[in-house]
Amino acid sequence: MEQRNRLERLIEVAAKRMPADLVLKNGRIVNVFTGTITEGDVAVADGRIAGIGAYAGKDTVDAGGRYIVPGFIDGHVHIESSMLEPREFAKVLLRHGVTAAVTDPHEIANVAGTDGLDYMLRSAEGLPLDIFVLLPSCVPATPFETSGARLEAGQLAPYYAHPKVLGLAEVMNYPAVAGADPGMLDKLASAAGLHIDGHAAGIGRESLNVYAAAGILTDHECVTADEARDRLELGFYLMIREGTVAKNLDALLPAVTPRNARRCLFVTDDKLPDDLIKEGSVDHIVRLAIRSGLDPVTAIQMATINAAECFGLRGRGAVAPGYAADLLLLDDLEEVRIGAVFKNGAQVAERGVLREAAFPDPAAGGSGGRSASAAPLRVKPVAPKDLELPLQSARCNVIGIVPNQIVTRRLLATVDVRDGRFVPSVAKDLLKLAVVERHHATGHIGLAIVSGFQLRKGALASTVAHDSHNLVVVGTSDEDMLAAIEHLSACGGGLAVVADGRVTASLPLPVAGLMSDRPHDEVYAGLQAVKRAAADIGSPADFDPFLTLSFLTLPVIPSLKLTDRGLFDFDAFAHIAVEAGEDEASEASEES
């Protein structure tokens, strides 16, 4: 009956027999269907657009010649990468004109399984940002590390009934799809008819047929224009990603043409809180795309109606009758200067300033509660001897950092050895790296040698370590590494800097060791503090040390990585010894 009454009221307002709740006047409307700019009043009733023309309403906003565009939609994002809970994440995105996001909570799912999914869905309730969810398809991400959980098709199936769940998230395990693995087939079949997201990194055109045949028709892993064209020609939606680490906009824009642009959309994937707050979200990508020569209206289509159509979000992504009144007033179309943000017809932000009244009191239960936590750390106490790295030879395989990249180099180096154990060398920039299992208190600790952090002293540690998110620490001494491990174990996870046995800066992330329970401005300040503390002990200014640290544990990315089970060689797709054999010496790069 309520839905019937809302429909009747919308019709009455559209027919001008009742006044609208809100009318936006004197605006220039960007029509994402025709690619044109028109004029007219936008009448809103019960959070939806009732009509465009000449209308009267209870409240009126004079757009003053500004552009009226739909709210932006982020087509693929991991909220956990922002280190913010959904409530605080929503505050940041709304300031930047993003009114909806499609998220894959596989980070917290790898830590907490279904408890993590429940937490994210619950925390998104009642927010003035629509957070839609794709269910994680690959938990754990690989069998080469200890994850916090395992999710099979049967555990995912009940979630498809949730109104915010749209389908299955990025399918990273291409071999399982191509090999018709029974477990993967079960997941794909259970999501049949829903959206299934892809992750086709390095997959050639012919092999893409397998993904398409399986019903996977989106991908955010393109890095060249040719790869983008392949996907578009095979019927995929092309996701153009511009995040903190992966920045593909410049490389992919040449593939976008007036004929295929409606099959393209923008995504951020992973974006850290400082970049999110300073640069923005999808609005930042739209701005960059326009500066690179993309037509502004086309860019807005890609950020709105294209994303809505891709995910079947009917009634979103356009300024048109019957659509949600998620609207932006832009002072300048090409610079994408956002003057005001409306969500469901209610103004939630003006010139980057939020209206806090738009957010429910978390204590009232709408957003999951600020004190909520998921998956506390379970780290078996670490003794000094557990960090010892025995060596019989000084010739070792070393992980070589590539600044601002998630790939690493495989190096061969002569390291310092004392009493049969590796000794870090500041002079040689050969430091110790450890991954401590933190989900089941197994006591697993992987140890390796890394070059590139350039620390003069101390240690850096983090529980943000893709994708299983064990505790990772790099240091110049076992004592400082142990102090960092103990600190993060005690505070529930986060980022930490230690020098001379003392914690000099820390950003606690008590929600699964991934997200803070504090306001976004405090998280921003805390992140800046740990970065400054890292710089004080020698971390170079040309790359983010914690972001670098977080990807040294991802074994599905070349070349050498470290898991809680040991040093992993991507090329061999197996764990290897730290000590280099004779055959390895000819394969690795020599580190002086």
# chains A, B, ... in the order shown; residues from 1 in each chain; ligands from 1
>>> residues_around(residues="Val472 in chain A", least_positions_apart="2", cutoff="9 Å", atoms="only C-alpha atoms", output="PyMOL selection string")
chain A and resi 433-437+460-465+469-470+474+485+549-550+552-553+563-564
>>> select_by_dssp(residues="range 116-338 of chain A", states="strand (DSSP E)", output="CSV table (one decimal) with N, CA and C atoms, in the first residue's frame")
chain,number,residue,atom,x,y,z
A,130,ASP,N,24.1,5.1,-1.4
A,130,ASP,CA,23.7,3.7,-1.8
A,130,ASP,C,24.9,2.9,-2.0
A,131,ILE,N,25.1,1.9,-1.1
A,131,ILE,CA,26.2,1.0,-1.2
A,131,ILE,C,25.7,-0.4,-1.6
A,132,PHE,N,26.0,-0.7,-2.9
A,132,PHE,CA,25.6,-2.0,-3.4
A,132,PHE,C,26.8,-3.0,-3.3
A,133,VAL,N,26.5,-4.3,-3.1
A,133,VAL,CA,27.5,-5.3,-2.9
A,133,VAL,C,27.5,-6.4,-3.9
A,134,LEU,N,28.7,-6.7,-4.3
A,134,LEU,CA,28.9,-7.9,-5.1
A,134,LEU,C,29.7,-8.9,-4.1
A,135,LEU,N,29.2,-10.1,-4.1
A,135,LEU,CA,29.7,-11.1,-3.1
A,135,LEU,C,31.1,-11.6,-3.6
A,165,VAL,N,22.5,-6.6,-2.6
A,165,VAL,CA,23.4,-7.5,-3.3
A,165,VAL,C,23.1,-7.7,-4.7
A,166,LEU,N,24.0,-7.4,-5.6
A,166,LEU,CA,23.8,-7.4,-7.1
A,166,LEU,C,24.3,-8.6,-7.8
A,167,GLY,N,25.2,-9.3,-7.2
A,167,GLY,CA,25.7,-10.5,-7.9
A,167,GLY,C,27.1,-10.9,-7.3
A,168,LEU,N,28.0,-11.4,-8.2
A,168,LEU,CA,29.2,-12.0,-7.7
A,168,LEU,C,30.4,-11.1,-8.1
A,169,ALA,N,31.3,-10.9,-7.2
A,169,ALA,CA,32.4,-9.9,-7.4
A,169,ALA,C,33.5,-10.5,-8.2
A,170,GLU,N,34.5,-9.7,-8.5
A,170,GLU,CA,35.6,-10.0,-9.4
A,170,GLU,C,36.1,-11.4,-9.3
A,171,VAL,N,35.9,-12.2,-10.4
A,171,VAL,CA,36.4,-13.6,-10.4
A,171,VAL,C,37.9,-13.5,-10.8
A,195,HIS,N,24.6,-9.9,-11.9
A,195,HIS,CA,25.9,-9.4,-12.4
A,195,HIS,C,27.1,-10.2,-11.9
A,196,ILE,N,28.0,-10.6,-12.8
A,196,ILE,CA,29.2,-11.3,-12.4
A,196,ILE,C,30.4,-10.4,-12.9
A,197,ASP,N,31.2,-10.0,-12.0
A,197,ASP,CA,32.3,-9.1,-12.3
A,197,ASP,C,33.6,-9.9,-12.6
A,198,GLY,N,34.4,-9.4,-13.5
A,198,GLY,CA,35.6,-10.0,-13.9
A,198,GLY,C,36.9,-9.4,-13.3
A,218,THR,N,32.3,-7.8,-17.2
A,218,THR,CA,33.0,-6.6,-16.9
A,218,THR,C,34.4,-6.9,-16.5
A,219,ASP,N,35.3,-5.9,-16.6
A,219,ASP,CA,36.6,-6.1,-16.2
A,219,ASP,C,37.3,-4.7,-15.9
A,237,TYR,N,31.6,-4.7,-20.6
A,237,TYR,CA,31.6,-3.3,-20.2
A,237,TYR,C,33.1,-3.1,-19.8
A,238,LEU,N,33.6,-1.9,-20.2
A,238,LEU,CA,35.0,-1.6,-19.9
A,238,LEU,C,35.0,-0.7,-18.7
A,239,MET,N,35.6,-1.1,-17.6
A,239,MET,CA,35.8,-0.3,-16.4
A,239,MET,C,37.2,0.4,-16.5
A,240,ILE,N,37.1,1.7,-16.5
A,240,ILE,CA,38.4,2.5,-16.5
A,240,ILE,C,38.7,2.9,-15.1
A,241,ARG,N,39.9,2.4,-14.7
A,241,ARG,CA,40.3,2.5,-13.3
A,241,ARG,C,41.3,3.6,-13.1
A,264,CYS,N,31.3,2.1,-21.4
A,264,CYS,CA,32.5,2.4,-20.6
A,264,CYS,C,32.0,3.1,-19.3
A,265,LEU,N,32.7,2.8,-18.2
A,265,LEU,CA,32.4,3.4,-16.9
A,265,LEU,C,33.7,3.6,-16.1
A,266,PHE,N,33.6,4.4,-15.0
A,266,PHE,CA,34.7,4.7,-14.2
A,266,PHE,C,34.7,4.0,-12.9
A,267,VAL,N,35.8,3.6,-12.4
A,267,VAL,CA,35.9,2.9,-11.1
A,267,VAL,C,37.2,3.4,-10.4
A,327,LEU,N,21.2,14.2,-7.4
A,327,LEU,CA,21.5,15.3,-8.3
A,327,LEU,C,22.7,16.1,-7.8
A,328,LEU,N,23.4,16.6,-8.8
A,328,LEU,CA,24.5,17.5,-8.5
A,328,LEU,C,24.3,18.8,-9.2
A,329,LEU,N,24.7,19.9,-8.6
A,329,LEU,CA,24.7,21.2,-9.2
A,329,LEU,C,26.2,21.5,-9.4
A,330,LEU,N,26.6,21.6,-10.7
A,330,LEU,CA,28.0,21.9,-11.0
A,330,LEU,C,28.1,23.4,-11.4
A,331,ASP,N,29.1,24.0,-10.7
A,331,ASP,CA,29.3,25.4,-11.1
A,331,ASP,C,30.0,25.5,-12.4
A,332,ASP,N,30.8,24.5,-12.8
A,332,ASP,CA,31.5,24.5,-14.0
A,332,ASP,C,31.5,23.1,-14.5
A,337,ARG,N,33.2,21.4,-10.9
A,337,ARG,CA,33.2,22.0,-9.6
A,337,ARG,C,31.8,21.8,-9.0
A,338,ILE,N,31.7,21.1,-7.9
A,338,ILE,CA,30.4,20.7,-7.3
A,338,ILE,C,29.9,21.7,-6.3
>>> closest_atom_pairs(of="range 198-268 of chain A", to="range 180-184 of chain A", cutoff="12 Å", atoms="only C-alpha atoms", output="tab-separated table")
residue	atom	partner	partner_atom	distance
A:Val210	CA	A:Ala180	CA	9.9
A:Tyr211	CA	A:Ala180	CA	11.1
A:Ala213	CA	A:Ala180	CA	11.6
A:Ala214	CA	A:Ala180	CA	9.7
>>> write_last_selection(atoms="N, CA and C atoms", output="PDB file, in the first residue's frame")
ATOM      1  N   VAL A 210      36.293 -17.405 -22.687  1.00  0.00           N
ATOM      2  CA  VAL A 210      35.904 -18.262 -21.562  1.00  0.00           C
ATOM      3  C   VAL A 210      35.132 -17.452 -20.530  1.00  0.00           C
ATOM      4  N   TYR A 211      35.668 -16.277 -20.187  1.00  0.00           N
ATOM      5  CA  TYR A 211      34.972 -15.421 -19.227  1.00  0.00           C
ATOM      6  C   TYR A 211      33.589 -15.024 -19.750  1.00  0.00           C
ATOM      7  N   ALA A 213      31.691 -16.456 -21.974  1.00  0.00           N
ATOM      8  CA  ALA A 213      30.792 -17.599 -22.032  1.00  0.00           C
ATOM      9  C   ALA A 213      30.259 -17.966 -20.655  1.00  0.00           C
ATOM     10  N   ALA A 214      31.042 -17.677 -19.629  1.00  0.00           N
ATOM     11  CA  ALA A 214      30.636 -17.973 -18.252  1.00  0.00           C
ATOM     12  C   ALA A 214      29.728 -16.904 -17.660  1.00  0.00           C
TER      13      ALA A 214
END
>>> closest_residue(among="A:Gly352, A:Gly179, A:Gly452, A:Gly446", to="Arg409 in chain A", atoms="only C-alpha atoms")
A:Gly452
>>> select_by_dssp(residues="range 426-512 of chain A", states="alpha helix (DSSP H)", output="ChimeraX atom specification")
/A:478-491
>>> write_last_selection(atoms="N, CA, C and O atoms", output="PDB file, in the first residue's frame")
ATOM      1  N   ASP A 478      65.602  -7.109  14.774  1.00  0.00           N
ATOM      2  CA  ASP A 478      64.555  -7.981  15.293  1.00  0.00           C
ATOM      3  C   ASP A 478      63.833  -7.335  16.471  1.00  0.00           C
ATOM      4  O   ASP A 478      62.624  -7.518  16.644  1.00  0.00           O
ATOM      5  N   GLU A 479      64.566  -6.562  17.274  1.00  0.00           N
ATOM      6  CA  GLU A 479      63.968  -5.938  18.450  1.00  0.00           C
ATOM      7  C   GLU A 479      62.860  -4.954  18.055  1.00  0.00           C
ATOM      8  O   GLU A 479      61.769  -4.953  18.636  1.00  0.00           O
ATOM      9  N   ASP A 480      63.129  -4.124  17.068  1.00  0.00           N
ATOM     10  CA  ASP A 480      62.115  -3.164  16.633  1.00  0.00           C
ATOM     11  C   ASP A 480      60.961  -3.866  15.923  1.00  0.00           C
ATOM     12  O   ASP A 480      59.800  -3.462  16.061  1.00  0.00           O
ATOM     13  N   MET A 481      61.255  -4.903  15.153  1.00  0.00           N
ATOM     14  CA  MET A 481      60.188  -5.657  14.499  1.00  0.00           C
ATOM     15  C   MET A 481      59.283  -6.309  15.535  1.00  0.00           C
ATOM     16  O   MET A 481      58.048  -6.284  15.406  1.00  0.00           O
ATOM     17  N   LEU A 482      59.876  -6.878  16.561  1.00  0.00           N
ATOM     18  CA  LEU A 482      59.091  -7.523  17.612  1.00  0.00           C
ATOM     19  C   LEU A 482      58.226  -6.505  18.347  1.00  0.00           C
ATOM     20  O   LEU A 482      57.052  -6.778  18.648  1.00  0.00           O
ATOM     21  N   ALA A 483      58.753  -5.307  18.599  1.00  0.00           N
ATOM     22  CA  ALA A 483      57.975  -4.260  19.260  1.00  0.00           C
ATOM     23  C   ALA A 483      56.783  -3.856  18.410  1.00  0.00           C
ATOM     24  O   ALA A 483      55.682  -3.607  18.921  1.00  0.00           O
ATOM     25  N   ALA A 484      56.967  -3.793  17.090  1.00  0.00           N
ATOM     26  CA  ALA A 484      55.868  -3.432  16.194  1.00  0.00           C
ATOM     27  C   ALA A 484      54.794  -4.514  16.170  1.00  0.00           C
ATOM     28  O   ALA A 484      53.585  -4.226  16.190  1.00  0.00           O
ATOM     29  N   ILE A 485      55.213  -5.774  16.135  1.00  0.00           N
ATOM     30  CA  ILE A 485      54.264  -6.889  16.153  1.00  0.00           C
ATOM     31  C   ILE A 485      53.443  -6.872  17.438  1.00  0.00           C
ATOM     32  O   ILE A 485      52.219  -7.019  17.420  1.00  0.00           O
ATOM     33  N   GLU A 486      54.111  -6.677  18.552  1.00  0.00           N
ATOM     34  CA  GLU A 486      53.419  -6.668  19.847  1.00  0.00           C
ATOM     35  C   GLU A 486      52.434  -5.511  19.935  1.00  0.00           C
ATOM     36  O   GLU A 486      51.328  -5.654  20.471  1.00  0.00           O
ATOM     37  N   HIS A 487      52.823  -4.362  19.395  1.00  0.00           N
ATOM     38  CA  HIS A 487      51.933  -3.197  19.450  1.00  0.00           C
ATOM     39  C   HIS A 487      50.669  -3.434  18.632  1.00  0.00           C
ATOM     40  O   HIS A 487      49.552  -3.193  19.120  1.00  0.00           O
ATOM     41  N   LEU A 488      50.805  -3.912  17.404  1.00  0.00           N
ATOM     42  CA  LEU A 488      49.623  -4.120  16.568  1.00  0.00           C
ATOM     43  C   LEU A 488      48.753  -5.251  17.114  1.00  0.00           C
ATOM     44  O   LEU A 488      47.524  -5.198  17.007  1.00  0.00           O
ATOM     45  N   SER A 489      49.377  -6.254  17.685  1.00  0.00           N
ATOM     46  CA  SER A 489      48.603  -7.337  18.297  1.00  0.00           C
ATOM     47  C   SER A 489      47.753  -6.821  19.446  1.00  0.00           C
ATOM     48  O   SER A 489      46.607  -7.246  19.639  1.00  0.00           O
ATOM     49  N   ALA A 490      48.306  -5.885  20.195  1.00  0.00           N
ATOM     50  CA  ALA A 490      47.604  -5.349  21.365  1.00  0.00           C
ATOM     51  C   ALA A 490      46.478  -4.388  20.985  1.00  0.00           C
ATOM     52  O   ALA A 490      45.442  -4.334  21.659  1.00  0.00           O
ATOM     53  N   CYS A 491      46.664  -3.613  19.900  1.00  0.00           N
ATOM     54  CA  CYS A 491      45.669  -2.585  19.565  1.00  0.00           C
ATOM     55  C   CYS A 491      44.635  -3.062  18.550  1.00  0.00           C
ATOM     56  O   CYS A 491      43.770  -2.289  18.143  1.00  0.00           O
TER      57      CYS A 491
END
>>> atom_distance(atom1="CA of Arg48 in chain A", atom2="CA of Gly322 in chain A")
6.1 Å
>>> atom_distance(atom1="CA of Ser468 in chain A", atom2="CA of Leu127 in chain A")
28.3 Å
>>> residues_around(residues="Gly315 in chain A", least_positions_apart="2", cutoff="12 Å", atoms="only C-alpha atoms", output="PyMOL selection string")
chain A and resi 47-50+70+304-305+307-309+311-313+317-326+344
>>> closest_residue(among="A:Leu151, A:Arg262, A:Gly97, A:Ser82", to="Arg351 in chain A", atoms="only C-alpha atoms")
A:Gly97
>>> residues_around(residues="Gly57 in chain A", least_positions_apart="3", cutoff="9 Å", atoms="only C-alpha atoms", output="ChimeraX atom specification")
/A:18-23,43-44,60
>>> closest_residue(among="A:Lys531, A:Arg456, A:Arg6, A:Arg150", to="Ser137 in chain A", atoms="only C-alpha atoms")
A:Arg150
>>> closest_residue(among="A:Gly204, A:Pro296, A:Gly513, A:Gly458", to="Pro424 in chain A", atoms="only C-alpha atoms")
A:Gly458
>>> closest_residue(among="A:Glu206, A:Asp544, A:Glu12, A:Glu335", to="Asp283 in chain A", atoms="only C-alpha atoms")
A:Glu335
>>> atom_distance(atom1="CA of Ala448 in chain A", atom2="CA of Gly492 in chain A")
24.5 Å
>>> residues_around(residues="range 226-233 of chain A", least_positions_apart="6", cutoff="10 Å", atoms="only C-alpha atoms", output="number ranges by chain")
A: 200-206, 208-209, 212, 217-220, 239-240, 251-256, 260-261, 263-264
